[in-house]
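Shown next: entry-v7.cif, given as mmCIF, C-alpha atoms.
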data_work
loop_
_atom_site.label_atom_id
_atom_site.label_comp_id
_atom_site.auth_asym_id
_atom_site.auth_seq_id
_atom_site.Cartn_x
_atom_site.Cartn_y
_atom_site.Cartn_z
CA MET A 1 -23.35 6.56 11.79
CA SER A 2 -21.41 9.25 13.64
CA THR A 3 -18.15 8.46 15.43
CA THR A 4 -16.90 11.93 16.19
CA THR A 5 -17.02 11.29 19.94
CA LYS A 6 -15.14 8.01 19.63
CA LEU A 7 -12.07 9.09 17.69
CA THR A 8 -8.99 8.24 19.73
CA HIS A 9 -6.19 10.02 17.88
CA ASP A 10 -5.20 12.42 15.12
CA ALA A 11 -5.01 10.16 12.07
CA THR A 12 -2.43 12.44 10.41
CA ALA A 13 0.04 12.38 13.31
CA PRO A 14 2.94 9.90 12.96
CA VAL A 15 3.93 7.71 15.91
CA LEU A 16 7.44 8.61 17.11
CA ASN A 17 9.77 7.07 19.67
CA LYS A 18 11.83 9.01 22.22
CA ALA A 19 14.63 9.49 19.69
CA GLY A 20 12.26 11.17 17.24
CA ALA A 21 12.18 8.19 14.89
CA PHE A 22 8.98 7.05 13.17
CA THR A 23 7.57 3.77 14.51
CA ARG A 24 4.83 1.97 12.57
CA PRO A 25 2.20 0.36 14.83
CA ALA A 26 1.28 -3.27 14.09
CA SER A 27 -1.96 -4.00 12.28
CA SER A 28 -4.82 -5.15 14.49
CA PHE A 29 -6.86 -7.64 12.43
CA ARG A 30 -4.91 -10.69 11.23
CA ASN A 31 -7.32 -13.41 10.11
CA VAL A 32 -7.08 -15.49 6.91
CA ILE A 33 -9.46 -16.72 4.23
CA GLU A 34 -9.24 -20.43 3.51
CA VAL A 35 -11.41 -23.40 2.57
CA GLY A 36 -12.91 -24.89 5.73
CA GLY A 37 -11.88 -21.92 7.87
CA GLN A 38 -13.90 -19.33 9.75
CA TYR A 39 -13.63 -17.10 6.69
CA ALA A 40 -14.25 -19.27 3.64
CA PRO A 41 -13.74 -18.19 0.01
CA GLU A 42 -17.10 -17.04 -1.38
CA LYS A 43 -17.99 -14.79 -4.26
CA GLY A 44 -19.37 -11.43 -3.09
CA ARG A 45 -18.73 -12.07 0.60
CA TYR A 46 -15.74 -9.77 1.06
CA HIS A 47 -15.15 -6.08 0.46
CA LEU A 48 -11.82 -4.27 0.11
CA TYR A 49 -11.39 -0.63 1.16
CA VAL A 50 -8.39 1.23 -0.30
CA THR A 51 -6.96 4.57 -1.27
CA TYR A 52 -4.90 5.05 -4.43
CA GLY A 53 -2.39 7.17 -2.55
CA CYS A 54 -1.37 4.49 -0.06
CA PRO A 55 1.40 2.08 -1.12
CA TRP A 56 0.19 -0.59 1.29
CA ALA A 57 -3.29 -0.49 -0.26
CA GLY A 58 -1.69 -0.41 -3.71
CA ARG A 59 -0.15 -3.81 -3.06
CA THR A 60 -3.56 -5.34 -2.52
CA LEU A 61 -5.03 -3.74 -5.65
CA ILE A 62 -2.24 -5.23 -7.74
CA ALA A 63 -2.66 -8.69 -6.23
CA TRP A 64 -6.46 -8.44 -6.57
CA LYS A 65 -6.15 -7.85 -10.32
CA LEU A 66 -3.29 -10.28 -10.93
CA LYS A 67 -5.40 -13.07 -9.45
CA GLY A 68 -8.56 -12.14 -11.33
CA LEU A 69 -10.60 -11.31 -8.23
CA GLU A 70 -12.52 -8.40 -9.76
CA GLU A 71 -15.79 -10.38 -9.84
CA ILE A 72 -15.14 -12.04 -6.46
CA ILE A 73 -14.27 -9.12 -4.17
CA ASP A 74 -15.72 -5.62 -4.48
CA VAL A 75 -13.48 -2.60 -3.94
CA THR A 76 -14.28 0.89 -2.67
CA VAL A 77 -11.86 3.80 -3.04
CA LEU A 78 -11.54 6.50 -0.36
CA SER A 79 -9.85 9.85 -0.73
CA SER A 80 -6.07 9.90 -0.44
CA LYS A 81 -6.08 13.33 1.24
CA SER A 82 -5.00 13.46 4.87
CA HIS A 83 -7.76 14.23 7.37
CA THR A 84 -7.28 14.37 11.13
CA GLU A 85 -10.37 12.16 11.49
CA GLY A 86 -9.03 9.55 9.04
CA TRP A 87 -9.66 8.53 5.44
CA ALA A 88 -12.86 9.99 3.97
CA PHE A 89 -15.48 8.74 1.51
CA LYS A 90 -17.04 10.78 -1.28
CA ASP A 91 -19.59 12.38 1.09
CA ILE A 92 -16.76 14.39 2.64
CA ASP A 93 -14.12 14.51 -0.08
CA ASP A 94 -15.31 14.50 -3.69
CA PHE A 95 -11.87 13.94 -5.21
CA PRO A 96 -11.92 12.18 -8.62
CA LEU A 97 -12.46 8.39 -8.39
CA VAL A 98 -13.40 8.57 -4.69
CA GLU A 99 -16.58 6.61 -3.92
CA HIS A 100 -19.41 6.44 -1.41
CA ASP A 101 -19.40 3.61 1.11
CA PRO A 102 -21.80 1.02 -0.37
CA LEU A 103 -22.13 -1.10 2.76
CA PHE A 104 -23.02 1.29 5.59
CA GLY A 105 -23.10 4.77 4.11
CA ALA A 106 -20.13 5.65 6.29
CA LYS A 107 -18.47 9.01 5.80
CA ARG A 108 -15.06 8.01 7.17
CA LEU A 109 -13.14 4.75 7.36
CA SER A 110 -13.00 5.08 11.15
CA GLU A 111 -16.72 4.25 11.20
CA ILE A 112 -15.99 0.88 9.61
CA TYR A 113 -13.40 0.14 12.29
CA PHE A 114 -15.87 1.01 15.05
CA LYS A 115 -18.49 -1.14 13.33
CA ALA A 116 -16.17 -4.12 13.78
CA GLU A 117 -14.91 -3.16 17.23
CA PRO A 118 -16.82 -0.47 19.19
CA ASN A 119 -13.88 0.01 21.57
CA TYR A 120 -11.24 0.06 18.86
CA THR A 121 -8.24 2.27 19.72
CA GLY A 122 -5.89 1.47 16.82
CA ARG A 123 -5.12 3.31 13.59
CA TYR A 124 -7.71 3.75 10.83
CA THR A 125 -5.61 2.27 8.06
CA VAL A 126 -6.07 0.96 4.54
CA PRO A 127 -6.18 -1.63 3.13
CA LEU A 128 -9.13 -3.04 5.04
CA LEU A 129 -10.71 -6.39 4.07
CA TRP A 130 -14.29 -6.65 5.34
CA ASP A 131 -16.50 -9.74 5.73
CA LYS A 132 -20.14 -8.96 4.93
CA LYS A 133 -21.37 -12.25 6.39
CA THR A 134 -20.02 -11.79 9.93
CA ASN A 135 -19.92 -7.98 9.75
CA THR A 136 -16.33 -7.60 10.80
CA ILE A 137 -12.81 -6.94 9.56
CA VAL A 138 -10.92 -9.99 8.35
CA ASN A 139 -7.54 -8.37 7.92
CA ASN A 140 -5.92 -4.94 7.65
CA GLU A 141 -2.31 -5.99 7.09
CA SER A 142 -1.30 -5.57 3.45
CA SER A 143 1.43 -8.22 3.45
CA GLU A 144 -1.09 -10.80 4.64
CA ILE A 145 -3.92 -9.67 2.37
CA ILE A 146 -1.78 -10.15 -0.74
CA ARG A 147 -1.07 -13.72 0.39
CA ILE A 148 -4.77 -14.27 1.05
CA PHE A 149 -5.44 -13.13 -2.51
CA ASN A 150 -2.63 -15.33 -3.81
CA THR A 151 -4.14 -18.63 -2.61
CA GLY A 152 -7.33 -18.06 -0.60
CA PHE A 153 -9.71 -17.96 -3.56
CA ASN A 154 -8.05 -20.51 -5.86
CA SER A 155 -10.94 -22.92 -5.38
CA ILE A 156 -13.48 -20.51 -6.93
CA ILE A 157 -11.57 -18.62 -9.62
CA ALA A 158 -10.62 -19.49 -13.18
CA ALA A 159 -8.02 -22.24 -13.48
CA ASP A 160 -5.49 -20.02 -15.25
CA LYS A 161 -5.67 -17.46 -12.43
CA ALA A 162 -5.59 -20.14 -9.73
CA ALA A 163 -2.40 -21.49 -11.29
CA LEU A 164 -0.62 -18.17 -10.75
CA ASP A 165 1.51 -18.29 -7.60
CA PHE A 166 3.33 -15.17 -6.52
CA TYR A 167 4.76 -16.80 -3.39
CA PRO A 168 5.95 -20.18 -4.72
CA ALA A 169 7.33 -22.70 -2.24
CA ASN A 170 10.70 -23.02 -3.98
CA LEU A 171 11.34 -19.26 -3.72
CA ARG A 172 9.83 -18.48 -0.33
CA GLU A 173 13.07 -18.43 1.62
CA GLU A 174 14.63 -15.96 -0.82
CA ILE A 175 11.46 -13.85 -1.01
CA ASP A 176 11.16 -13.68 2.78
CA ALA A 177 14.80 -12.69 3.21
CA LEU A 178 14.52 -9.90 0.65
CA ASN A 179 11.15 -8.69 1.96
CA GLU A 180 12.58 -8.32 5.46
CA TRP A 181 15.24 -5.74 4.68
CA VAL A 182 13.29 -4.06 1.88
CA TYR A 183 10.35 -3.48 4.22
CA ASP A 184 12.49 -2.08 7.03
CA THR A 185 14.74 0.20 5.01
CA VAL A 186 12.79 0.98 1.83
CA ASN A 187 9.01 0.45 2.14
CA ASN A 188 9.01 1.78 5.69
CA GLY A 189 12.33 3.55 5.26
CA VAL A 190 10.81 6.37 3.23
CA TYR A 191 8.35 6.98 6.07
CA LYS A 192 11.14 6.86 8.65
CA SER A 193 12.91 9.54 6.63
CA GLY A 194 9.84 11.68 6.08
CA PHE A 195 8.42 11.55 9.59
CA ALA A 196 11.69 11.79 11.51
CA ALA A 197 11.53 14.49 14.17
CA THR A 198 15.26 14.85 14.71
CA GLN A 199 18.18 15.36 12.33
CA ALA A 200 19.87 12.21 13.64
CA ALA A 201 16.80 10.05 13.07
CA TYR A 202 16.37 11.46 9.57
CA GLU A 203 19.98 10.97 8.53
CA ASP A 204 20.02 7.43 9.90
CA ALA A 205 16.87 6.48 7.97
CA VAL A 206 17.74 8.19 4.69
CA THR A 207 21.27 6.74 4.67
CA LYS A 208 19.92 3.22 5.16
CA LEU A 209 17.27 3.83 2.50
CA PHE A 210 19.76 4.74 -0.19
CA ALA A 211 22.13 1.97 0.81
CA SER A 212 19.28 -0.45 0.21
CA LEU A 213 18.41 1.19 -3.11
CA ASP A 214 22.05 0.71 -4.12
CA ARG A 215 21.71 -2.96 -3.15
CA LEU A 216 18.48 -3.34 -5.14
CA GLU A 217 20.13 -1.72 -8.15
CA LYS A 218 22.76 -4.46 -8.20
CA ILE A 219 20.12 -7.19 -7.77
CA LEU A 220 18.10 -5.88 -10.72
CA GLU A 221 20.95 -5.32 -13.16
CA GLY A 222 20.04 -7.27 -16.30
CA LYS A 223 16.85 -8.63 -14.70
CA ASP A 224 13.11 -7.99 -14.97
CA TYR A 225 12.23 -9.42 -11.55
CA LEU A 226 13.72 -9.47 -8.07
CA VAL A 227 13.59 -13.20 -7.32
CA GLY A 228 13.80 -16.30 -9.50
CA ASN A 229 13.38 -14.57 -12.86
CA THR A 230 9.62 -14.54 -12.33
CA LEU A 231 7.03 -12.12 -10.99
CA THR A 232 6.58 -12.60 -7.24
CA GLU A 233 5.14 -10.75 -4.28
CA ALA A 234 8.59 -9.22 -3.77
CA ASP A 235 8.07 -7.20 -6.97
CA VAL A 236 4.56 -6.20 -5.92
CA ARG A 237 5.74 -5.02 -2.51
CA LEU A 238 8.64 -2.97 -3.85
CA PHE A 239 6.80 -1.53 -6.86
CA THR A 240 4.35 0.54 -4.82
CA THR A 241 7.22 2.32 -3.07
CA ILE A 242 9.37 2.89 -6.14
CA ILE A 243 6.50 4.20 -8.31
CA ARG A 244 5.88 6.89 -5.65
CA PHE A 245 9.51 7.76 -5.09
CA ASP A 246 10.25 10.53 -7.57
CA ALA A 247 6.75 12.02 -7.42
CA SER A 248 6.45 12.24 -3.63
CA TYR A 249 9.17 10.72 -1.45
CA PHE A 250 12.02 12.62 -3.10
CA THR A 251 10.34 15.92 -2.23
CA VAL A 252 7.84 15.57 0.61
CA PHE A 253 9.83 12.96 2.56
CA LYS A 254 13.25 14.50 1.81
CA CYS A 255 14.51 11.25 0.27
CA ASN A 256 16.58 13.43 -2.00
CA ILE A 257 20.04 11.97 -2.45
CA ARG A 258 19.07 10.66 -5.89
CA THR A 259 15.92 10.17 -7.94
CA ILE A 260 15.07 6.74 -9.33
CA ARG A 261 14.95 7.98 -12.92
CA ASP A 262 18.37 9.62 -12.84
CA GLY A 263 20.21 7.58 -10.23
CA TYR A 264 19.15 3.96 -10.62
CA PRO A 265 18.94 2.73 -14.23
CA ALA A 266 18.17 -0.92 -13.38
CA ILE A 267 15.44 -0.06 -10.87
CA HIS A 268 14.07 2.52 -13.28
CA SER A 269 13.87 -0.04 -16.09
CA TRP A 270 12.24 -2.60 -13.77
CA VAL A 271 9.53 -0.23 -12.49
CA ARG A 272 8.69 1.05 -15.98
CA LYS A 273 8.38 -2.46 -17.40
CA LEU A 274 5.95 -3.44 -14.66
CA TYR A 275 3.93 -0.25 -15.11
CA TRP A 276 3.73 -0.24 -18.90
CA ASN A 277 3.56 -3.99 -19.57
CA ASN A 278 1.22 -5.23 -16.83
CA PRO A 279 -2.21 -3.57 -16.40
CA ALA A 280 -2.44 -4.69 -12.76
CA PHE A 281 0.42 -2.35 -11.88
CA LYS A 282 -0.66 0.58 -14.05
CA ASP A 283 -4.32 0.43 -12.98
CA ALA A 284 -3.33 0.54 -9.30
CA THR A 285 -1.29 3.70 -9.87
CA GLN A 286 -3.06 7.06 -9.87
CA PHE A 287 -0.46 9.81 -9.68
CA ASP A 288 -2.92 12.59 -8.84
CA HIS A 289 -4.02 10.61 -5.78
CA ILE A 290 -0.42 9.79 -4.83
CA LYS A 291 0.83 13.38 -5.00
CA THR A 292 -2.26 14.90 -3.43
CA GLY A 293 -2.08 12.37 -0.61
CA TYR A 294 1.50 13.07 0.39
CA TYR A 295 1.39 16.81 -0.21
CA SER A 296 -1.72 17.06 1.98
CA MET A 297 0.08 15.80 5.08
CA PRO A 298 -0.21 18.81 7.42
CA THR A 299 2.87 18.04 9.50
CA LEU A 300 5.08 17.98 6.38
CA ASN A 301 3.38 20.47 4.05
CA PRO A 302 1.10 22.85 5.98
CA SER A 303 0.20 24.88 2.88
CA GLY A 304 -1.21 21.85 1.10
CA ILE A 305 0.24 23.05 -2.21
CA VAL A 306 0.81 20.05 -4.49
CA GLY A 307 4.02 19.96 -6.50
CA VAL A 308 3.64 19.60 -10.27
CA GLY A 309 6.64 17.28 -10.76
CA MET A 310 7.93 14.92 -11.77
CA VAL A 311 7.18 15.64 -15.44
CA PRO A 312 6.20 13.23 -16.77
CA ASN A 313 5.10 11.16 -13.79
CA ILE A 314 6.69 8.12 -15.37
CA LEU A 315 8.89 7.95 -18.43
CA PRO A 316 8.09 5.67 -21.39
CA LEU A 317 10.06 2.48 -22.01
#

Let's see the structure in the file written out as structure tokens.
Amino acid sequence: MSTTTKLTHDATAPVLNKAGAFTRPASSFRNVIEVGGQYAPEKGRYHLYVTYGCPWAGRTLIAWKLKGLEEIIDVTVLSSKSHTEGWAFKDIDDFPLVEHDPLFGAKRLSEIYFKAEPNYTGRYTVPLLWDKKTNTIVNNESSEIIRIFNTGFNSIIAADKAALDFYPANLREEIDALNEWVYDTVNNGVYKSGFAATQAAYEDAVTKLFASLDRLEKILEGKDYLVGNTLTEADVRLFTTIIRFDASYFTVFKCNIRTIRDGYPAIHSWVRKLYWNNPAFKDATQFDHIKTGYYSMPTLNPSGIVGVGMVPNILPL
């Protein structure tokens, strides 16, 4: 299925406001999976498209494994390299671990978006959760997909996995409050720093980023988790940014006031414990994809040369 005549934008070009600051467009598909709903929990019905380079997709991979959904929802990995036409399957980019599209034989993720909505004009983003029964996209917003995975399939998974709740009612207010400023200044803050088109926009974003890292450092002193002394979605959401920080954001995005490993001992301990002690976090982290993805962004690194650092990618405990 060819979509070359339908592409509506350069997928590698960031969206900027008049002040030269990066602005992230809202996700377009925002449905849920629930018992009795339009999209019901069923084994084999849904398909998740991801890249290993993307932190937003990384969240969903972690939640997918934490909840034991490997036999319930299939996953396909696209290349993390930047392409003006959008994320590519193995047919176009034979990078290690990249796969063919098993559903439609698509060559680019944009084709999947046009399959769901022929007049689609939004971004071709991952993660993308597809419904094979109705042939459409259920959701492409990572923060909502991880909550779908948290509860949406509890009725059909093993009891021990169903009992795991990473957004518990008694901690939701605290989780939501933390997520709000972490998303704005850290998760998205690294992108605001990296994609800024003016010195003022860059300095504003990078200053707020490191102020929030300082705040997170104090929160994590003497602790293994951000909220309630237990693993929650707040840890999942922050992890995928922090694990990429020294390898990519410090260099490519000019988030270079301090590294995590040398400047933030509590955050550094927290991220290493998650990575080394919990397979869901380690398995979702592929440093070659992460570095290749960011270093292939043409607006930030026209040569495409991939930096060799950090060495090692992550330090042992």

Stretch 230-243 of chain A environment, 9 Å, all atoms listed in the file, sequence neighbours closer than 4 positions dropped, as JSON, numbers by chain: {"A": [54, 55, 56, 57, 58, 59, 60, 62, 63, 143, 146, 147, 165, 166, 167, 168, 171, 175, 176, 178, 179, 182, 183, 186, 187, 188, 190, 224, 225, 226, 247, 249, 260, 267, 268, 270, 271, 272, 274, 275, 281, 284, 285, 313, 314]}

Residues matched by the PyMOL selection byres ((chain A and resi 193-199) around 6) as a ChimeraX atom specification: /A:20-22,190-192,200-202,205-206,253

Which of A:Lys115, A:Asn31, A:Glu144, A:Trp130 sits closest to A:Thr76 [using only C-alpha atoms]: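 Among the listed residues, the smallest separation from A:Thr76 belongs to A:Trp130.
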
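Within the file as shown, the PyMOL selection byres ((chain A and resi 124) around 6) identifies Ser110, Arg123 and Thr125 of chain A.
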
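The coordinates place atom CA of A:Gly86 at 25.2 Å from atom CA of A:Val308.
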